[in-house]
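Reproduced below: query.txt, with compact mmCIF, C-alpha atoms.
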```txt
# COMPACT_ATOMS: atom_id res chain seq x y z
CA MET A 452 40.69 48.76 78.14
CA LEU A 453 42.57 48.78 74.87
CA SER A 454 42.73 52.16 73.17
CA ILE A 455 41.03 52.52 69.81
CA GLN A 456 44.39 53.56 68.39
CA TYR A 457 45.96 50.31 69.59
CA ILE A 458 43.13 48.23 68.10
CA ARG A 459 43.36 50.16 64.82
CA GLU A 460 47.14 49.70 64.58
CA ASN A 461 47.26 46.10 65.90
CA THR A 462 44.01 44.64 64.57
CA GLU A 463 45.38 41.22 63.70
CA ARG A 464 47.03 40.75 67.09
CA VAL A 465 43.90 41.81 68.96
CA LYS A 466 41.74 39.43 66.90
CA ARG A 467 44.25 36.61 67.38
CA ASP A 468 44.36 37.12 71.15
CA VAL A 469 40.57 37.16 71.36
CA ALA A 470 40.50 33.85 69.47
CA LEU A 471 43.22 32.40 71.72
CA ARG A 472 41.05 33.27 74.71
CA ASN A 473 38.34 31.11 73.17
CA THR A 474 35.91 34.03 73.29
CA THR A 475 34.52 36.78 71.06
CA ALA A 476 34.71 40.59 70.91
CA PRO A 477 33.16 43.08 68.45
CA ILE A 478 36.42 44.13 66.80
CA ASP A 479 35.01 44.63 63.29
CA ARG A 480 32.11 46.69 64.63
CA ILE A 481 34.56 48.81 66.64
CA LEU A 482 36.64 49.50 63.54
CA ARG A 483 33.56 50.48 61.50
CA LEU A 484 32.38 52.81 64.28
CA ASP A 485 35.84 54.32 64.55
CA GLU A 486 35.92 54.95 60.81
CA GLU A 487 32.48 56.56 60.91
CA ARG A 488 33.47 58.66 63.92
CA ARG A 489 36.54 60.01 62.14
CA GLU A 490 34.53 60.77 59.00
CA LEU A 491 31.93 62.62 61.04
CA LEU A 492 34.61 64.61 62.85
CA GLN A 493 36.12 65.61 59.51
CA GLN A 494 32.75 66.68 58.12
CA VAL A 495 31.90 68.70 61.22
CA GLU A 496 35.31 70.38 61.15
CA GLN A 497 34.92 71.30 57.47
CA LEU A 498 31.45 72.76 58.04
CA ARG A 499 32.64 74.76 61.06
CA ASN A 500 35.53 76.16 59.03
CA LYS A 501 33.06 77.07 56.29
CA ARG A 502 30.76 78.75 58.79
CA ASN A 503 33.63 80.67 60.40
CA ALA A 504 34.85 81.92 57.02
CA ALA A 505 31.34 82.93 55.99
CA SER A 506 30.79 84.74 59.29
CA LYS A 507 33.81 86.94 58.59
CA VAL A 508 32.49 87.80 55.13
CA ILE A 509 29.04 88.54 56.53
CA GLY A 510 30.53 90.73 59.23
CA GLN A 511 32.48 92.74 56.67
CA SER A 512 29.59 93.13 54.23
CA LYS A 513 27.42 96.28 54.41
CA ASP A 514 24.97 95.22 51.69
CA PRO A 515 21.78 93.61 53.13
CA ALA A 516 21.06 91.95 49.78
CA GLU A 517 24.43 90.20 49.98
CA ARG A 518 24.21 89.37 53.70
CA GLU A 519 20.74 87.75 53.86
CA PRO A 520 21.43 84.78 51.49
CA ARG A 521 24.69 84.06 53.30
CA ILE A 522 23.00 84.19 56.71
CA LEU A 523 20.30 81.78 55.49
CA GLU A 524 22.95 79.46 54.08
CA MET A 525 24.85 79.47 57.36
CA ARG A 526 21.69 78.62 59.27
CA LEU A 527 21.39 75.54 57.09
CA VAL A 528 25.05 74.77 57.75
CA GLY A 529 24.41 75.13 61.49
CA ASP A 530 21.49 72.70 61.27
CA GLU A 531 23.71 70.21 59.46
CA ILE A 532 26.42 70.59 62.11
CA ASP A 533 23.81 69.90 64.82
CA ARG A 534 22.63 66.80 62.94
CA LEU A 535 26.16 65.49 62.49
CA ASP A 536 27.00 66.24 66.16
CA GLY A 537 23.98 64.20 67.21
CA ARG A 538 25.08 61.29 65.05
CA LEU A 539 28.65 61.66 66.32
CA LYS A 540 27.46 61.44 69.92
CA THR A 541 25.49 58.27 69.12
CA VAL A 542 28.48 56.68 67.38
CA GLU A 543 30.90 57.59 70.19
CA THR A 544 28.53 56.19 72.84
CA GLU A 545 28.29 52.86 71.03
CA LEU A 546 32.03 52.82 70.32
CA ASN A 547 32.94 53.43 73.96
CA GLY A 548 30.53 50.69 75.04
CA LYS A 549 31.99 48.19 72.55
CA LEU A 550 35.54 48.99 73.66
CA LEU A 551 34.60 47.87 77.18
CA GLU A 552 33.83 44.40 75.79
CA VAL A 553 37.34 43.79 74.46
CA PRO A 554 39.65 41.76 76.75
CA ASN A 555 43.27 42.60 77.40
CA ILE A 556 46.01 41.48 75.05
CA LEU A 557 47.82 38.27 75.98
CA ASP A 558 51.44 37.84 76.91
CA PRO A 559 53.04 36.29 73.79
CA ASN A 560 54.66 33.60 75.95
CA ALA A 561 51.43 32.45 77.62
CA PRO A 562 50.76 28.74 76.97
CA LYS A 563 48.18 28.26 74.23
CA GLY A 564 45.05 26.27 74.97
CA PRO A 565 41.25 26.57 75.09
CA ASP A 566 40.60 25.97 78.80
CA GLU A 567 42.01 25.04 82.22
CA HIS A 568 43.12 21.61 80.98
CA SER A 569 45.90 23.33 79.02
CA ASN A 570 47.39 25.11 82.05
CA VAL A 571 51.05 24.28 82.63
CA VAL A 572 52.46 23.11 85.97
CA VAL A 573 55.74 25.01 86.39
CA ASP A 574 56.67 23.88 89.91
CA VAL A 575 55.59 21.47 92.66
CA VAL A 576 56.90 22.06 96.18
CA GLY A 577 56.65 19.83 99.26
CA GLU A 578 56.03 16.16 99.86
CA LYS A 579 52.50 14.88 100.23
CA ARG A 580 52.01 13.46 103.70
CA HIS A 581 51.64 9.70 104.02
CA PHE A 582 48.88 8.96 106.53
CA GLY A 583 48.63 5.76 108.52
CA PHE A 584 44.88 5.95 107.92
CA HIS A 585 42.54 7.05 105.15
CA PRO A 586 42.44 10.88 105.33
CA ARG A 587 39.00 12.40 105.71
CA PRO A 588 37.64 15.27 103.63
CA HIS A 589 37.06 18.49 105.55
CA TRP A 590 33.29 18.07 105.79
CA GLU A 591 33.76 14.81 107.71
CA LEU A 592 36.36 16.43 109.96
CA ALA A 593 33.98 19.35 110.48
CA GLU A 594 31.34 16.99 111.82
CA ILE A 595 33.78 15.44 114.28
CA LEU A 596 34.98 18.89 115.38
CA ASP A 597 31.52 20.48 115.27
CA GLY A 598 33.25 23.22 113.29
CA ILE A 599 31.02 23.83 110.26
CA ASP A 600 27.23 24.01 110.41
CA PHE A 601 25.94 23.49 106.87
CA GLU A 602 22.32 22.97 107.82
CA ARG A 603 21.91 26.27 109.66
CA GLY A 604 23.86 28.20 107.02
CA VAL A 605 21.39 26.97 104.40
CA LYS A 606 18.46 27.77 106.69
CA MET A 607 19.67 31.35 107.12
CA ALA A 608 20.74 32.16 103.57
CA GLY A 609 20.23 29.25 101.17
CA SER A 610 22.48 26.78 99.39
CA ARG A 611 26.26 27.31 99.45
CA PHE A 612 26.18 29.16 102.77
CA TYR A 613 27.47 27.80 106.07
CA VAL A 614 28.46 28.76 109.61
CA LEU A 615 32.01 28.32 110.91
CA LYS A 616 32.16 27.53 114.61
CA GLY A 617 34.64 27.09 117.43
CA GLY A 618 38.12 26.04 116.42
CA ILE A 619 37.43 26.23 112.67
CA ALA A 620 36.15 29.81 112.90
CA ARG A 621 39.22 30.57 114.95
CA LEU A 622 41.42 28.87 112.35
CA GLN A 623 40.07 31.08 109.57
CA ARG A 624 40.62 34.20 111.67
CA ALA A 625 44.16 33.07 112.46
CA LEU A 626 44.97 32.46 108.80
CA ILE A 627 43.70 35.92 107.84
CA GLN A 628 45.77 37.62 110.53
CA PHE A 629 48.83 35.54 109.64
CA TYR A 630 48.54 36.45 105.97
CA LEU A 631 48.07 40.16 106.67
CA ASN A 632 51.04 40.25 109.03
CA GLU A 633 53.26 38.48 106.54
CA HIS A 634 52.44 40.96 103.77
CA THR A 635 52.65 44.10 105.87
CA ARG A 636 55.96 42.91 107.24
CA ASP A 637 57.16 42.83 103.64
CA GLY A 638 56.17 46.45 103.03
CA PHE A 639 52.57 46.22 101.83
CA THR A 640 50.22 48.88 103.19
CA GLU A 641 47.12 47.42 104.80
CA CYS A 642 43.78 48.97 103.83
CA TYR A 643 40.23 48.66 105.07
CA LEU A 644 38.04 48.85 101.96
CA PRO A 645 34.34 49.31 101.20
CA ASP A 646 32.49 46.06 100.59
CA MET A 647 30.07 47.83 98.24
CA LEU A 648 31.02 49.95 95.23
CA SER A 649 29.31 52.04 92.57
CA GLU A 650 28.65 50.83 89.03
CA ALA A 651 31.31 53.23 87.75
CA SER A 652 33.87 51.46 89.97
CA LEU A 653 32.90 48.05 88.60
CA VAL A 654 33.21 49.34 85.02
CA ALA A 655 36.63 50.84 85.77
CA ALA A 656 37.91 47.55 87.18
CA GLY A 657 36.70 45.51 84.20
CA GLN A 658 33.90 43.66 86.00
CA LEU A 659 31.18 45.44 84.04
CA PRO A 660 29.66 44.97 81.58
CA LYS A 661 31.05 41.46 81.01
CA PHE A 662 30.43 39.90 84.45
CA ARG A 663 27.13 41.55 85.36
CA ASP A 664 25.40 38.17 85.82
CA ASN A 665 28.01 37.12 88.41
CA LEU A 666 27.62 40.18 90.64
CA TYR A 667 25.29 40.86 93.57
CA ARG A 668 23.64 44.27 93.40
CA ASP A 669 21.53 46.36 95.73
CA ALA A 670 18.08 46.46 94.13
CA GLU A 671 17.35 50.09 95.02
CA GLN A 672 20.69 51.90 94.92
CA ASP A 673 23.76 51.99 92.72
CA TYR A 674 25.79 49.57 94.85
CA TYR A 675 27.46 46.30 93.91
CA PHE A 676 28.92 43.90 96.48
CA ILE A 677 32.60 43.42 95.69
CA PRO A 678 33.62 40.13 94.04
CA THR A 679 37.21 40.77 95.19
CA ALA A 680 39.23 43.54 96.83
CA GLU A 681 40.99 44.00 93.48
CA VAL A 682 37.96 45.98 92.28
CA ALA A 683 38.20 48.44 95.16
CA PHE A 684 41.97 48.80 94.80
CA VAL A 685 41.67 49.69 91.09
CA ASN A 686 39.43 52.60 92.06
CA LEU A 687 41.67 53.91 94.81
CA TYR A 688 43.18 56.44 92.40
CA ARG A 689 40.46 56.56 89.73
CA ASP A 690 40.51 59.82 87.71
CA GLU A 691 43.76 60.93 89.39
CA ILE A 692 47.26 61.78 88.21
CA LEU A 693 49.84 60.40 90.63
CA PRO A 694 52.83 62.64 91.36
CA ALA A 695 56.32 61.76 90.18
CA GLY A 696 58.20 59.34 92.43
CA MET A 697 55.06 57.88 94.02
CA LEU A 698 55.29 54.45 92.36
CA PRO A 699 55.37 51.62 93.15
CA GLN A 700 52.47 51.45 95.59
CA ARG A 701 51.78 48.05 97.21
CA PHE A 702 48.60 47.35 99.15
CA VAL A 703 46.93 44.48 100.98
CA ALA A 704 43.45 44.02 102.39
CA HIS A 705 41.17 41.41 103.86
CA THR A 706 37.58 41.52 102.57
CA PRO A 707 34.58 39.31 102.07
CA CYS A 708 33.91 38.47 98.43
CA PHE A 709 30.49 37.95 96.85
CA ARG A 710 29.94 36.07 93.59
CA ARG A 711 26.80 34.77 91.96
CA GLU A 712 28.55 31.65 90.72
CA LYS A 713 26.64 29.41 88.33
CA MET A 714 27.81 26.18 89.91
CA SER A 715 26.89 23.06 87.99
CA ALA A 716 24.94 20.32 89.72
CA GLY A 717 27.16 17.54 91.02
CA ARG A 718 30.34 19.64 91.02
CA ASP A 719 31.91 20.62 94.34
CA VAL A 720 28.56 20.13 96.06
CA ARG A 721 30.04 19.09 99.40
CA GLY A 722 31.95 21.20 101.86
CA ILE A 723 33.04 24.82 101.67
CA LYS A 724 35.22 24.80 98.57
CA ARG A 725 32.78 26.91 96.54
CA GLY A 726 30.26 29.46 97.77
CA HIS A 727 28.60 32.78 97.06
CA GLN A 728 30.39 34.46 100.00
CA PHE A 729 33.96 33.85 101.13
CA GLU A 730 36.95 35.66 102.64
CA LYS A 731 40.16 36.61 100.90
CA VAL A 732 43.37 38.51 101.55
CA GLU A 733 44.34 40.40 98.41
CA MET A 734 47.60 42.03 97.33
CA PHE A 735 47.59 44.87 94.79
CA VAL A 736 50.32 46.88 93.06
CA TYR A 737 50.51 50.15 91.11
CA CYS A 738 53.83 50.47 89.29
CA GLU A 739 55.59 52.00 86.31
CA PRO A 740 55.28 49.87 83.15
CA GLU A 741 58.96 48.92 83.20
CA GLN A 742 58.53 47.38 86.68
CA SER A 743 55.47 45.21 86.14
CA GLN A 744 57.19 41.92 85.29
CA ALA A 745 59.38 42.20 88.40
CA GLU A 746 56.31 43.08 90.48
CA LEU A 747 54.48 40.01 89.15
CA ASP A 748 57.44 37.85 90.18
CA THR A 749 57.26 39.43 93.65
CA LEU A 750 53.54 38.71 94.00
CA VAL A 751 54.02 35.09 92.97
CA ARG A 752 56.91 34.72 95.39
CA ARG A 753 54.84 36.18 98.22
CA ALA A 754 51.88 33.90 97.48
CA ARG A 755 54.21 30.88 97.36
CA SER A 756 55.79 31.74 100.70
CA LEU A 757 52.54 31.20 102.61
CA PRO A 758 51.90 27.49 101.95
CA GLU A 759 55.63 26.95 102.49
CA LYS A 760 55.42 28.51 105.97
CA LEU A 761 52.26 26.53 106.67
CA GLY A 762 54.08 23.34 105.67
CA ILE A 763 51.52 22.40 103.02
CA PRO A 764 52.48 21.01 99.58
CA TYR A 765 51.60 23.34 96.73
CA ARG A 766 52.10 23.77 93.02
CA VAL A 767 52.38 26.70 90.62
CA LEU A 768 50.50 26.79 87.33
CA GLU A 769 50.93 29.17 84.41
CA LEU A 770 47.49 29.72 82.95
CA CYS A 771 46.88 29.10 79.27
CA THR A 772 45.35 31.66 76.93
CA GLY A 773 41.84 30.22 77.26
CA ASP A 774 41.88 30.41 81.08
CA ILE A 775 43.45 33.84 81.63
CA GLY A 776 40.97 36.36 83.05
CA PHE A 777 39.45 39.19 81.01
CA ASN A 778 41.67 41.91 82.57
CA ALA A 779 44.96 40.02 82.67
CA THR A 780 47.75 39.50 80.18
CA LYS A 781 49.53 36.82 82.22
CA THR A 782 48.49 34.79 85.26
CA TYR A 783 49.98 32.24 87.65
CA ASP A 784 47.84 30.16 90.03
CA ILE A 785 48.98 28.73 93.35
CA GLU A 786 47.23 25.51 94.43
CA MET A 787 47.53 23.78 97.81
CA TRP A 788 47.15 20.03 98.21
CA ALA A 789 44.03 18.70 99.95
CA PRO A 790 44.57 14.99 100.75
CA GLY A 791 41.05 14.37 102.04
CA GLN A 792 39.59 15.42 98.71
CA ASP A 793 42.61 14.11 96.78
CA GLU A 794 42.90 17.30 94.75
CA TRP A 795 44.72 20.58 94.34
CA LEU A 796 42.83 23.67 95.50
CA GLU A 797 43.44 27.09 93.98
CA VAL A 798 44.27 29.60 96.72
CA SER A 799 45.83 32.38 94.66
CA SER A 800 45.85 33.90 91.19
CA ALA A 801 48.61 36.41 90.47
CA SER A 802 48.03 38.56 87.39
CA ASN A 803 49.66 41.36 85.47
CA CYS A 804 46.99 43.55 83.87
CA LEU A 805 49.41 46.00 82.22
CA ASP A 806 47.67 49.40 81.76
CA PHE A 807 44.31 47.81 80.87
CA GLN A 808 42.52 48.75 84.11
CA ALA A 809 44.38 52.05 84.48
CA ARG A 810 42.97 53.19 81.13
CA ARG A 811 39.45 52.21 82.13
CA ALA A 812 39.86 54.00 85.46
CA ASN A 813 41.68 57.00 83.94
CA ILE A 814 44.66 56.67 86.29
CA ARG A 815 47.93 58.27 85.22
CA PHE A 816 51.28 59.13 86.78
CA ARG A 817 53.83 61.82 86.10
CA GLY A 818 57.17 60.64 84.83
CA GLU A 819 59.78 61.33 82.21
CA GLY A 820 58.13 62.56 79.04
CA GLY A 821 54.87 63.58 80.71
CA THR A 822 51.95 61.56 82.06
CA ARG A 823 51.56 57.81 81.44
CA TYR A 824 49.28 55.01 82.52
CA PRO A 825 50.65 52.81 85.34
CA HIS A 826 50.53 49.03 85.27
CA LEU A 827 48.22 47.35 87.81
CA LEU A 828 48.75 43.88 89.27
CA ASN A 829 46.87 41.73 91.76
CA ALA A 830 47.27 38.44 93.62
CA SER A 831 45.36 36.56 96.28
CA GLY A 832 47.42 36.28 99.37
CA LEU A 833 45.66 33.89 100.12
CA ALA A 834 42.01 32.95 99.61
CA LEU A 835 39.78 31.48 102.27
CA PRO A 836 38.15 29.05 102.88
CA ARG A 837 40.35 26.82 100.74
CA SER A 838 43.28 27.59 103.01
CA VAL A 839 41.15 26.35 105.90
CA ILE A 840 40.40 23.15 103.96
CA ALA A 841 44.09 22.59 103.22
CA VAL A 842 45.11 23.03 106.86
CA MET A 843 42.33 20.77 108.12
CA GLU A 844 43.03 17.97 105.67
CA ASN A 845 46.84 18.09 105.82
CA TYR A 846 47.05 18.36 109.62
CA GLN A 847 44.29 15.92 110.55
CA ARG A 848 44.82 13.06 112.98
CA GLU A 849 43.18 9.67 112.97
CA ASP A 850 40.71 10.64 115.71
CA GLY A 851 39.54 13.63 113.64
CA SER A 852 41.44 16.26 115.61
CA VAL A 853 43.50 18.81 113.66
CA GLU A 854 46.99 19.82 114.63
CA VAL A 855 47.56 23.57 114.36
CA PRO A 856 50.53 24.50 112.11
CA GLU A 857 53.34 25.94 114.16
CA VAL A 858 53.18 29.40 112.54
CA LEU A 859 49.49 29.70 113.46
CA ARG A 860 49.78 28.71 117.12
CA PRO A 861 50.49 32.25 118.37
CA TYR A 862 47.29 33.36 116.63
CA MET A 863 45.22 30.38 117.72
CA GLY A 864 46.37 30.04 121.31
CA MET A 865 46.21 26.25 120.95
CA ASP A 866 48.19 23.41 119.44
CA VAL A 867 45.30 21.14 118.45
CA ILE A 868 41.66 21.58 117.48
CA GLU A 869 40.06 18.80 119.46
CA PRO A 870 36.94 16.79 118.59
CA ALA A 871 33.74 18.18 120.04
CA ARG A 872 32.39 16.73 123.25
CA ARG A 873 29.01 15.18 122.60
```

Structure translated into structure tokens:
Amino acid sequence: MLSIQYIRENTERVKRDVALRNTTAPIDRILRLDEERRELLQQVEQLRNKRNAASKVIGQSKDPAEREPRILEMRLVGDEIDRLDGRLKTVETELNGKLLEVPNILDPNAPKGPDEHSNVVVDVVGEKRHFGFHPRPHWELAEILDGIDFERGVKMAGSRFYVLKGGIARLQRALIQFYLNEHTRDGFTECYLPDMLSEASLVAAGQLPKFRDNLYRDAEQDYYFIPTAEVAFVNLYRDEILPAGMLPQRFVAHTPCFRREKMSAGRDVRGIKRGHQFEKVEMFVYCEPEQSQAELDTLVRRARSLPEKLGIPYRVLELCTGDIGFNATKTYDIEMWAPGQDEWLEVSSASNCLDFQARRANIRFRGEGGTRYPHLLNASGLALPRSVIAVMENYQREDGSVEVPEVLRPYMGMDVIEPARR
């Protein structure tokens, strides 16, 4: 979150960034509450000083006729202090709630634009494969391979659910293991994380209150299903002070992700591109503020290395101000090419969140000059099932079989996913 002091001292920038995000935030209400809070604090302090001074006089006085009026007056002062304290508590509760609604500041160099159509392509890598036949989308390949059962997924759980089978289930597992091995080989510490978290954890990570409608929640207990491993990683050190010399800390985890997406009718209705449950490998970094730009570059480089090793064309986008997420100041997306669908599929978002989440989670570290808030960064490394789609569609053969990328063959134990025998 942004501190009230920062909003007070940088009001115009905060308002401008909110407008550039094409959203709203209660900045004026926050400033009025802050002003009232400070006035109340001043009044309470003055009354307490008055009461303390009067108490000394009363204690020194031996004359009951002089003491009684002063005691009565101080009782009235005490009642007024209690009233002002009650109002102060109400104001601070509303102020703290409103502060949670304010998004992060934007990197001044982020491209300006209202939505995803203003994102900037900064690099395109790899040549699109020229097929000697019309490439099929993954749902047609899945039928030939008997690899995705849409009908039974819907029967079990409803729309946007499916069952991966045989070689395709094995392909997803291979991709996950490949991604994890690549990141841990580069020094990231693998973690096994809870798939359900408390409301306090979701607030700390910036998911609540803004994204409440997109989250799945246990109806009887204070548990939310994670929308991404990022949320769990933010809370790893919540309410802690990290010792000097501990940063940077780099983590990676594979988790399921659950999102109550409001998917419009007619958009992405076929296949497994969008769903309420999916798998993802996530990278996460805690670092000193001076390191965060270099750490973002590292995360982007790591995300880019995976489609390169898979031999799949990809591109890098810098997100515009209207498409950058609530917690982030700067974001790059990695998209892999899917020839069967004739489109680019987002498989990673790499974001620098500065100290925005650390403030919400009350995470600090010891360094020169005392304790400070670390910067937190995250990046998909990479997301499933879009990686599965990209492999299937880029490595398909005319008969519907799918060649296994060379780097995945040790994990798959096969060179080709063959069509199912009917």

Worksheet entry | Residue with smallest distance to Asp806 (chain A) - pool A:His826, A:Lys760, A:Arg480, A:Arg499, counting only C-alpha atoms |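 Among the listed residues, A:His826 lies closest to Asp806 (chain A).
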
Discussion item. Given all atoms listed in the file as the basis, pick out the residue of A:His568, A:Arg701, A:Lys616, A:Arg668 nearest to Phe684 (chain A).
Written reply: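 Closest to Phe684 (chain A) of all the choices is A:Arg701.
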
Taking (44.1, 60.5, 86.9) in the file's coordinates as the center, which residues reach within 12 Å of it, counting only C-alpha atoms, put as a tab-separated table (two decimals) with C-alpha atoms, in the coordinates of the input?
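result-v2.tsv, written as the output of this step:
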```tsv
chain	number	residue	atom	x	y	z
A	685	VAL	CA	41.67	49.69	91.09
A	686	ASN	CA	39.43	52.60	92.06
A	687	LEU	CA	41.67	53.91	94.81
A	688	TYR	CA	43.18	56.44	92.40
A	689	ARG	CA	40.46	56.56	89.73
A	690	ASP	CA	40.51	59.82	87.71
A	691	GLU	CA	43.76	60.93	89.39
A	692	ILE	CA	47.26	61.78	88.21
A	693	LEU	CA	49.84	60.40	90.63
A	694	PRO	CA	52.83	62.64	91.36
A	809	ALA	CA	44.38	52.05	84.48
A	810	ARG	CA	42.97	53.19	81.13
A	811	ARG	CA	39.45	52.21	82.13
A	812	ALA	CA	39.86	54.00	85.46
A	813	ASN	CA	41.68	57.00	83.94
A	814	ILE	CA	44.66	56.67	86.29
A	815	ARG	CA	47.93	58.27	85.22
A	816	PHE	CA	51.28	59.13	86.78
A	817	ARG	CA	53.83	61.82	86.10
A	822	THR	CA	51.95	61.56	82.06
A	823	ARG	CA	51.56	57.81	81.44
A	824	TYR	CA	49.28	55.01	82.52
A	825	PRO	CA	50.65	52.81	85.34
```

Fill in: Separation of CA of Ala745 (chain A) from CA of Arg472 (chain A), in Å and rounded to one decimal
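CA of Ala745 (chain A) sits 24.6 Å away from CA of Arg472 (chain A).
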
Fill in: Sphere at (38.8, 50.5, 101.1), radius 10 Å, counting all atoms listed in the file: residues as a VMD selection string
chain A and resid 641 to 648 680 682 to 684 686 to 687 704 to 706

Worksheet entry | Thr475 (chain A) environment, 12 Å, all atoms listed in the file, sequence neighbours closer than 5 positions dropped, as a PyMOL selection string | chain A and resi 465-470+549+552-554+661+773+777

Worksheet entry | Between CA of Val495 (chain A) and CA of Gln456 (chain A), distance in Å (one decimal) | 20.9 Å

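Using all atoms listed in the file for every distance, the candidate list A:Ser652, A:Glu712, A:Thr679, A:Glu545 yields A:Glu712 as the residue closest to Asp664 (chain A).
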
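Those residues that approach region 852-863 of chain A to within 9 Å, counting all atoms listed in the file, are Leu592, Ile595, Leu596, Gly618, Arg621, Leu622, Arg624, Ala625, Leu626, Gln628, Phe629, Lys760, Leu761, Gly762, Val842, Met843, Glu844, Asn845, Tyr846, Gln847, Ile868, Glu869 and Pro870 of chain A; same-chain residues fewer than 5 positions away are not listed.
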
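Of note, CA of Lys540 (chain A) and CA of Leu805 (chain A) are spaced 29.5 Å apart.
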
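Nearest to Ile627 (chain A) of all the residues A:Ile763, A:Gln494, A:Gly583, A:Leu835 is A:Leu835, based on all atoms listed in the file.
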
Discussion item. I'd like to know which of A:Phe639, A:Tyr737, A:Tyr457, A:Trp590 is closest to Gln792 (chain A), using all atoms listed in the file.
Written reply: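 When distances to Gln792 (chain A) are compared using all atoms listed in the file, the smallest one comes from A:Trp590.
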
Where's the centre, and what are the edge lengths in Å to one decimal, of a box along x, y and z enclosing all listed atoms of region 463-478 of chain A padded 4 Å per side, as JSON?
```
{"center_x": 40.1, "center_y": 37.6, "center_z": 69.2, "size_x": 21.9, "size_y": 21.0, "size_z": 19.0}
```

Response to the item:
Shortest contact to His581 (chain A), candidates A:Gly791, A:Ser831, A:Leu747, A:Ala561, atoms counted all atoms listed in the file, goes to A:Gly791

Practice prompt. May I have the residues within 9 Å of Arg459 (chain A) as a list in words, using only C-alpha atoms and disregarding those fewer than 3 positions away in the same chain?
Written response: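 So the residues in contact are Ser454, Ile455, Gln456, Thr462, Leu482 and Asp485 of chain A.
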